[in-house]
Amino acid sequence: MRPTTSLSLSLLSTLLLLPISTLAAFTGQAEADGVKFDFTQLKQHSVIVEHKQDPTVVKSTYTINPVGKIEVSNEVSKEDQCPDGTQVCMISRLWHGDKPDDHVAQIIPFGSFESEKGSEPEYTIMRDADKKVLGLNVTIHGPEYGEKKLKQSAIVKFLCDPEKTGLEPDTDGKDSNSLKFVSYEGDQTLTLEWRTKYACEKVPGETPAPSQGSWGFFTWFIVIAFLAVAAYLIFGSWLNYNKYGARGWDLLPHSDTLRDLPYLIKDFLRRAVNTFQGSGGRGGYSAI
Ligand SMILES: *[C@@H]1O[C@H](CO)[C@@H](O)[C@H](O)[C@H]1NC(C)=O
C-alpha cells in the first residue's frame, strides 16, 4: 500500500469515528429538528425537595451538570457523594428538627456522562401548536438501581424563558429556582424542568456570533483586486484577439512588457545591488 493511501484511510476513519464519540455524551450542545441549542453557559445546578416523614424530614437534592460530570468533592466522603461520572443525581438526607444526619440516606444516579453504546442521550424539540419552539427535551440514561435493578434515566425539559438565565437559586419560600423537580416515575424515570433563556430558539440579549461567511475588509480587498486583474486580462485578450488578430502569448495585454518582466526585474535587482555595494564601499564608484 502506498503511504498516501494509508494516510487517507486513517484520515477517513478518524472522520468517521468523530461523530460517534461526540454523540455519546451530553456536553451542553445539541441539535434537534435543525435547531441548535447551546447550554454551555449553564453550570452545575441543584434543586432541593422536602418531604415530611414524621418525626423526620427528608431533603432530596437533585443535581445536574449540563456540561459534564457532577463535581466530586474531596471534603466529603465517597459514600456520601454521587459516583464519579454521574451527570444527573439525587442525594437525600434525613433531618431531625434542624439537624441533618451525618450520612446520606440514599443516592440515585439517574444519568451517566459517558453513556454506554446504544444508550446515547436523546434530544427532542418541543413546539407549541404554532410550531414555536418551547424548548428541548433531553433524555440521559443512567445505570441500574435498586433490588430490582431498574435502569434509571433522567428527562430534562429545558424550557425557553427569556427572563431566566437558568442559574437562579432557591430562595426560601419564593419558588424562584429555575430548576424544578417534576416527577420520579416507576422507580426509574426522573423528570426535571429547567427554565432558561438558552432553551429559546434565539437566545435573548446575545448577539449572534459572526458567521464564517462575513469576510474582513482585507479579504474583500484581495478578492476585488484579483477579479479586477482577471477582468483586465480577459478583456485585454479579447481586444487583442478581435482587433489585432493576436494569438498565443500575444493575446495577453502588454505581452511585450510581460515577456520582458524577468529581465526588467533582474536588471532592477542588479542596479539595486550595485548601488548598495557602491555606497557601502568607501571608494564610491570604482572606475572600470
Ligand atoms: C421527552 O422524551 C422522552 C423520551 O426520550 C419522551 O418519553 C417524552 O414524552 C418527551 N417529552 C416531551 C414533552 O416531549
# chains A, B, ... in the order shown; residues from 1 in each chain; ligands from 1
$ residues_near_ligand --ligand "ligand 1" --cutoff "6 Å" --atoms "only C-alpha atoms and all ligand atoms" --output "PDB file with N, CA, C and O atoms, in the first residue's frame"
ATOM      1  N   GLU A 122     -30.825  11.400  24.149  1.00  0.00           N
ATOM      2  CA  GLU A 122     -31.781  11.663  23.064  1.00  0.00           C
ATOM      3  C   GLU A 122     -32.287  13.093  23.191  1.00  0.00           C
ATOM      4  O   GLU A 122     -32.478  13.600  24.294  1.00  0.00           O
ATOM      5  N   MET A 126     -39.350  20.640  21.537  1.00  0.00           N
ATOM      6  CA  MET A 126     -40.742  20.810  21.953  1.00  0.00           C
ATOM      7  C   MET A 126     -41.268  22.087  21.322  1.00  0.00           C
ATOM      8  O   MET A 126     -40.631  23.145  21.424  1.00  0.00           O
ATOM      9  N   ASN A 137     -36.128  18.720  24.905  1.00  0.00           N
ATOM     10  CA  ASN A 137     -36.300  17.583  25.804  1.00  0.00           C
ATOM     11  C   ASN A 137     -35.050  16.690  25.679  1.00  0.00           C
ATOM     12  O   ASN A 137     -34.792  16.140  24.627  1.00  0.00           O
ATOM     13  N   THR A 139     -32.997  13.424  27.117  1.00  0.00           N
ATOM     14  CA  THR A 139     -33.052  12.214  27.937  1.00  0.00           C
ATOM     15  C   THR A 139     -31.647  11.641  28.088  1.00  0.00           C
ATOM     16  O   THR A 139     -30.962  11.389  27.098  1.00  0.00           O
TER      17      THR A 139
END
$ select_by_dssp --residues "range 36-211 of chain A" --states "strand (DSSP E or B)" --output "ChimeraX atom specification"
/A:36-38,45-53,56-64,86-96,99-100,106-112,122-127,133-145,150-160,179-185,189-196
$ write_last_selection --atoms "C-alpha atoms" --output "PDB file, in the first residue's frame"
ATOM      1  CA  LYS A  36     -29.151  24.314  17.583  1.00  0.00           C
ATOM      2  CA  PHE A  37     -29.158  24.627  21.359  1.00  0.00           C
ATOM      3  CA  ASP A  38     -26.218  25.698  23.478  1.00  0.00           C
ATOM      4  CA  HIS A  45     -27.244  23.326  39.454  1.00  0.00           C
ATOM      5  CA  SER A  46     -29.443  21.784  42.140  1.00  0.00           C
ATOM      6  CA  VAL A  47     -32.966  21.830  43.453  1.00  0.00           C
ATOM      7  CA  ILE A  48     -33.992  20.598  46.903  1.00  0.00           C
ATOM      8  CA  VAL A  49     -37.288  18.830  47.525  1.00  0.00           C
ATOM      9  CA  GLU A  50     -38.551  18.434  51.106  1.00  0.00           C
ATOM     10  CA  HIS A  51     -40.691  15.585  52.214  1.00  0.00           C
ATOM     11  CA  LYS A  52     -42.148  15.290  55.751  1.00  0.00           C
ATOM     12  CA  GLN A  53     -41.831  11.843  57.291  1.00  0.00           C
ATOM     13  CA  THR A  56     -38.026  13.484  60.374  1.00  0.00           C
ATOM     14  CA  VAL A  57     -37.846  15.460  57.165  1.00  0.00           C
ATOM     15  CA  VAL A  58     -36.259  14.015  54.039  1.00  0.00           C
ATOM     16  CA  LYS A  59     -34.409  16.569  51.984  1.00  0.00           C
ATOM     17  CA  SER A  60     -33.610  15.339  48.483  1.00  0.00           C
ATOM     18  CA  THR A  61     -31.166  17.262  46.379  1.00  0.00           C
ATOM     19  CA  TYR A  62     -31.407  16.770  42.624  1.00  0.00           C
ATOM     20  CA  THR A  63     -28.257  17.886  40.849  1.00  0.00           C
ATOM     21  CA  ILE A  64     -27.475  18.163  37.172  1.00  0.00           C
ATOM     22  CA  THR A  86     -22.681  10.915  37.069  1.00  0.00           C
ATOM     23  CA  GLN A  87     -24.411  13.746  35.232  1.00  0.00           C
ATOM     24  CA  VAL A  88     -27.824  13.712  36.934  1.00  0.00           C
ATOM     25  CA  CYS A  89     -28.131  12.527  40.508  1.00  0.00           C
ATOM     26  CA  MET A  90     -30.210  12.622  43.688  1.00  0.00           C
ATOM     27  CA  ILE A  91     -28.913  12.585  47.244  1.00  0.00           C
ATOM     28  CA  SER A  92     -31.328  12.508  50.157  1.00  0.00           C
ATOM     29  CA  ARG A  93     -30.600  13.101  53.788  1.00  0.00           C
ATOM     30  CA  LEU A  94     -32.731  12.844  56.899  1.00  0.00           C
ATOM     31  CA  TRP A  95     -33.177  15.877  59.111  1.00  0.00           C
ATOM     32  CA  HIS A  96     -34.263  15.793  62.743  1.00  0.00           C
ATOM     33  CA  LYS A  99     -30.100  18.806  62.440  1.00  0.00           C
ATOM     34  CA  PRO A 100     -29.134  16.723  59.450  1.00  0.00           C
ATOM     35  CA  GLN A 106     -29.999   7.466  49.632  1.00  0.00           C
ATOM     36  CA  ILE A 107     -28.131   8.188  46.407  1.00  0.00           C
ATOM     37  CA  ILE A 108     -29.628   7.530  42.976  1.00  0.00           C
ATOM     38  CA  PRO A 109     -27.573   8.196  39.851  1.00  0.00           C
ATOM     39  CA  PHE A 110     -30.057   8.866  37.033  1.00  0.00           C
ATOM     40  CA  GLY A 111     -27.731   9.760  34.216  1.00  0.00           C
ATOM     41  CA  SER A 112     -24.138   8.976  33.339  1.00  0.00           C
ATOM     42  CA  GLU A 122     -31.781  11.663  23.064  1.00  0.00           C
ATOM     43  CA  TYR A 123     -32.956  15.097  22.023  1.00  0.00           C
ATOM     44  CA  THR A 124     -36.496  16.056  21.068  1.00  0.00           C
ATOM     45  CA  ILE A 125     -37.568  19.571  20.290  1.00  0.00           C
ATOM     46  CA  MET A 126     -40.742  20.810  21.953  1.00  0.00           C
ATOM     47  CA  ARG A 127     -43.029  23.136  19.979  1.00  0.00           C
ATOM     48  CA  VAL A 133     -40.023  26.458  19.889  1.00  0.00           C
ATOM     49  CA  LEU A 134     -40.819  25.821  23.553  1.00  0.00           C
ATOM     50  CA  GLY A 135     -37.564  24.121  24.373  1.00  0.00           C
ATOM     51  CA  LEU A 136     -35.562  20.934  24.219  1.00  0.00           C
ATOM     52  CA  ASN A 137     -36.300  17.583  25.804  1.00  0.00           C
ATOM     53  CA  VAL A 138     -33.063  15.799  26.732  1.00  0.00           C
ATOM     54  CA  THR A 139     -33.052  12.214  27.937  1.00  0.00           C
ATOM     55  CA  ILE A 140     -29.902  10.960  29.634  1.00  0.00           C
ATOM     56  CA  HIS A 141     -29.555   7.314  30.523  1.00  0.00           C
ATOM     57  CA  GLY A 142     -28.004   6.017  33.685  1.00  0.00           C
ATOM     58  CA  PRO A 143     -27.112   2.787  35.455  1.00  0.00           C
ATOM     59  CA  GLU A 144     -29.392   0.231  37.058  1.00  0.00           C
ATOM     60  CA  TYR A 145     -30.566   0.874  40.589  1.00  0.00           C
ATOM     61  CA  LEU A 150     -34.243  -0.945  37.191  1.00  0.00           C
ATOM     62  CA  LYS A 151     -32.495   1.087  34.521  1.00  0.00           C
ATOM     63  CA  GLN A 152     -32.562   4.737  35.507  1.00  0.00           C
ATOM     64  CA  SER A 153     -32.950   7.723  33.220  1.00  0.00           C
ATOM     65  CA  ALA A 154     -33.447  11.459  33.505  1.00  0.00           C
ATOM     66  CA  ILE A 155     -35.656  13.552  31.254  1.00  0.00           C
ATOM     67  CA  VAL A 156     -34.604  17.174  31.440  1.00  0.00           C
ATOM     68  CA  LYS A 157     -37.007  19.597  29.803  1.00  0.00           C
ATOM     69  CA  PHE A 158     -35.125  22.751  29.002  1.00  0.00           C
ATOM     70  CA  LEU A 159     -37.905  25.338  28.655  1.00  0.00           C
ATOM     71  CA  CYS A 160     -37.485  28.673  26.910  1.00  0.00           C
ATOM     72  CA  LEU A 179     -34.700  24.120  38.054  1.00  0.00           C
ATOM     73  CA  LYS A 180     -37.724  22.139  39.184  1.00  0.00           C
ATOM     74  CA  PHE A 181     -38.397  18.576  40.182  1.00  0.00           C
ATOM     75  CA  VAL A 182     -41.419  17.245  38.275  1.00  0.00           C
ATOM     76  CA  SER A 183     -41.667  13.543  38.996  1.00  0.00           C
ATOM     77  CA  TYR A 184     -39.955  10.241  39.592  1.00  0.00           C
ATOM     78  CA  GLU A 185     -41.997   7.527  37.955  1.00  0.00           C
ATOM     79  CA  THR A 189     -37.664   7.856  35.267  1.00  0.00           C
ATOM     80  CA  LEU A 190     -36.826  11.220  36.743  1.00  0.00           C
ATOM     81  CA  THR A 191     -38.259  14.320  35.094  1.00  0.00           C
ATOM     82  CA  LEU A 192     -36.815  17.770  35.724  1.00  0.00           C
ATOM     83  CA  GLU A 193     -37.792  21.119  34.247  1.00  0.00           C
ATOM     84  CA  TRP A 194     -35.202  23.797  33.685  1.00  0.00           C
ATOM     85  CA  ARG A 195     -36.319  27.289  32.676  1.00  0.00           C
ATOM     86  CA  THR A 196     -33.617  29.204  30.855  1.00  0.00           C
TER      87      THR A 196
END
$ closest_residue --among "A:Lys197, A:Lys131, A:His254, A:Arg259" --to "Pro162 in chain A" --atoms "only C-alpha atoms"
A:Lys197
$ atom_distance --atom1 "CA of Lys69 in chain A" --atom2 "CA of Gly85 in chain A"
5.2 Å
$ residues_around --residues "range 248-251 of chain A" --least-positions-apart "5" --cutoff "12 Å" --atoms "only C-alpha atoms" --output "count of residues only"
15
$ select_by_dssp --residues "range 45-239 of chain A" --states "helix (DSSP H, G or I)" --output "count of residues only"
29
$ decode --residues "range 96-107 of chain A" --atoms "all heavy atoms" --output "PDB file, in the first residue's frame"
ATOM      1  N   HIS A  96     -33.477  15.868  61.512  1.00  0.00           N
ATOM      2  CA  HIS A  96     -34.263  15.793  62.743  1.00  0.00           C
ATOM      3  C   HIS A  96     -34.321  17.213  63.263  1.00  0.00           C
ATOM      4  O   HIS A  96     -33.313  17.741  63.726  1.00  0.00           O
ATOM      5  CB  HIS A  96     -33.593  14.874  63.767  1.00  0.00           C
ATOM      6  CG  HIS A  96     -33.206  13.539  63.175  1.00  0.00           C
ATOM      7  ND1 HIS A  96     -34.027  12.444  63.234  1.00  0.00           N
ATOM      8  CD2 HIS A  96     -32.096  13.138  62.505  1.00  0.00           C
ATOM      9  CE1 HIS A  96     -33.440  11.431  62.621  1.00  0.00           C
ATOM     10  NE2 HIS A  96     -32.260  11.841  62.161  1.00  0.00           N
ATOM     11  N   GLY A  97     -35.499  17.822  63.171  1.00  0.00           N
ATOM     12  CA  GLY A  97     -35.578  19.234  63.509  1.00  0.00           C
ATOM     13  C   GLY A  97     -34.694  19.999  62.547  1.00  0.00           C
ATOM     14  O   GLY A  97     -34.829  19.882  61.332  1.00  0.00           O
ATOM     15  N   ASP A  98     -33.694  20.725  63.095  1.00  0.00           N
ATOM     16  CA  ASP A  98     -32.809  21.455  62.176  1.00  0.00           C
ATOM     17  C   ASP A  98     -31.432  20.806  62.111  1.00  0.00           C
ATOM     18  O   ASP A  98     -30.446  21.439  61.757  1.00  0.00           O
ATOM     19  CB  ASP A  98     -32.724  22.939  62.560  1.00  0.00           C
ATOM     20  CG  ASP A  98     -32.315  23.124  64.008  1.00  0.00           C
ATOM     21  OD1 ASP A  98     -32.003  22.101  64.670  1.00  0.00           O
ATOM     22  OD2 ASP A  98     -32.302  24.277  64.480  1.00  0.00           O
ATOM     23  N   LYS A  99     -31.389  19.515  62.496  1.00  0.00           N
ATOM     24  CA  LYS A  99     -30.100  18.806  62.440  1.00  0.00           C
ATOM     25  C   LYS A  99     -30.108  17.710  61.386  1.00  0.00           C
ATOM     26  O   LYS A  99     -30.945  16.803  61.453  1.00  0.00           O
ATOM     27  CB  LYS A  99     -29.785  18.196  63.814  1.00  0.00           C
ATOM     28  CG  LYS A  99     -29.224  19.196  64.784  1.00  0.00           C
ATOM     29  CD  LYS A  99     -28.755  18.501  66.013  1.00  0.00           C
ATOM     30  CE  LYS A  99     -27.260  18.162  65.911  1.00  0.00           C
ATOM     31  NZ  LYS A  99     -26.633  18.133  67.237  1.00  0.00           N
ATOM     32  N   PRO A 100     -29.189  17.790  60.447  1.00  0.00           N
ATOM     33  CA  PRO A 100     -29.134  16.723  59.450  1.00  0.00           C
ATOM     34  C   PRO A 100     -28.365  15.520  59.976  1.00  0.00           C
ATOM     35  O   PRO A 100     -27.526  15.643  60.864  1.00  0.00           O
ATOM     36  CB  PRO A 100     -28.369  17.369  58.287  1.00  0.00           C
ATOM     37  CG  PRO A 100     -27.518  18.415  58.938  1.00  0.00           C
ATOM     38  CD  PRO A 100     -28.214  18.865  60.179  1.00  0.00           C
ATOM     39  N   ASP A 101     -28.667  14.354  59.455  1.00  0.00           N
ATOM     40  CA  ASP A 101     -27.888  13.154  59.753  1.00  0.00           C
ATOM     41  C   ASP A 101     -26.452  13.352  59.270  1.00  0.00           C
ATOM     42  O   ASP A 101     -26.206  14.112  58.341  1.00  0.00           O
ATOM     43  CB  ASP A 101     -28.477  11.941  59.012  1.00  0.00           C
ATOM     44  CG  ASP A 101     -29.494  11.198  59.849  1.00  0.00           C
ATOM     45  OD1 ASP A 101     -29.671  11.584  61.029  1.00  0.00           O
ATOM     46  OD2 ASP A 101     -30.107  10.262  59.304  1.00  0.00           O
ATOM     47  N   ASP A 102     -25.551  12.613  59.877  1.00  0.00           N
ATOM     48  CA  ASP A 102     -24.158  12.704  59.455  1.00  0.00           C
ATOM     49  C   ASP A 102     -23.978  12.160  58.040  1.00  0.00           C
ATOM     50  O   ASP A 102     -23.151  12.656  57.276  1.00  0.00           O
ATOM     51  CB  ASP A 102     -23.255  11.914  60.400  1.00  0.00           C
ATOM     52  CG  ASP A 102     -23.031  12.667  61.707  1.00  0.00           C
ATOM     53  OD1 ASP A 102     -23.320  13.889  61.708  1.00  0.00           O
ATOM     54  OD2 ASP A 102     -22.592  12.042  62.682  1.00  0.00           O
ATOM     55  N   HIS A 103     -24.741  11.130  57.751  1.00  0.00           N
ATOM     56  CA  HIS A 103     -24.567  10.494  56.445  1.00  0.00           C
ATOM     57  C   HIS A 103     -25.843  10.558  55.628  1.00  0.00           C
ATOM     58  O   HIS A 103     -26.928  10.724  56.170  1.00  0.00           O
ATOM     59  CB  HIS A 103     -24.100   9.045  56.611  1.00  0.00           C
ATOM     60  CG  HIS A 103     -22.685   8.961  57.085  1.00  0.00           C
ATOM     61  ND1 HIS A 103     -21.612   9.232  56.284  1.00  0.00           N
ATOM     62  CD2 HIS A 103     -22.194   8.686  58.318  1.00  0.00           C
ATOM     63  CE1 HIS A 103     -20.512   9.096  56.973  1.00  0.00           C
ATOM     64  NE2 HIS A 103     -20.830   8.782  58.218  1.00  0.00           N
ATOM     65  N   VAL A 104     -25.679  10.392  54.324  1.00  0.00           N
ATOM     66  CA  VAL A 104     -26.844  10.475  53.458  1.00  0.00           C
ATOM     67  C   VAL A 104     -27.648   9.187  53.565  1.00  0.00           C
ATOM     68  O   VAL A 104     -27.128   8.133  53.944  1.00  0.00           O
ATOM     69  CB  VAL A 104     -26.442  10.730  51.985  1.00  0.00           C
ATOM     70  CG1 VAL A 104     -25.624  11.995  51.871  1.00  0.00           C
ATOM     71  CG2 VAL A 104     -25.711   9.555  51.397  1.00  0.00           C
ATOM     72  N   ALA A 105     -28.945   9.302  53.243  1.00  0.00           N
ATOM     73  CA  ALA A 105     -29.821   8.140  53.350  1.00  0.00           C
ATOM     74  C   ALA A 105     -29.900   7.384  52.030  1.00  0.00           C
ATOM     75  O   ALA A 105     -30.044   6.175  52.000  1.00  0.00           O
ATOM     76  CB  ALA A 105     -31.215   8.593  53.775  1.00  0.00           C
ATOM     77  N   GLN A 106     -29.822   8.117  50.932  1.00  0.00           N
ATOM     78  CA  GLN A 106     -29.999   7.466  49.632  1.00  0.00           C
ATOM     79  C   GLN A 106     -29.308   8.281  48.533  1.00  0.00           C
ATOM     80  O   GLN A 106     -29.298   9.511  48.571  1.00  0.00           O
ATOM     81  CB  GLN A 106     -31.495   7.369  49.318  1.00  0.00           C
ATOM     82  CG  GLN A 106     -31.817   6.450  48.160  1.00  0.00           C
ATOM     83  CD  GLN A 106     -33.311   6.428  47.861  1.00  0.00           C
ATOM     84  OE1 GLN A 106     -34.047   7.351  48.232  1.00  0.00           O
ATOM     85  NE2 GLN A 106     -33.756   5.390  47.190  1.00  0.00           N
ATOM     86  N   ILE A 107     -28.729   7.554  47.591  1.00  0.00           N
ATOM     87  CA  ILE A 107     -28.131   8.188  46.407  1.00  0.00           C
ATOM     88  C   ILE A 107     -28.645   7.448  45.184  1.00  0.00           C
ATOM     89  O   ILE A 107     -28.538   6.218  45.116  1.00  0.00           O
ATOM     90  CB  ILE A 107     -26.587   8.105  46.422  1.00  0.00           C
ATOM     91  CG1 ILE A 107     -26.016   8.874  47.611  1.00  0.00           C
ATOM     92  CG2 ILE A 107     -26.008   8.644  45.115  1.00  0.00           C
ATOM     93  CD1 ILE A 107     -24.509   8.762  47.731  1.00  0.00           C
TER      94      ILE A 107
END
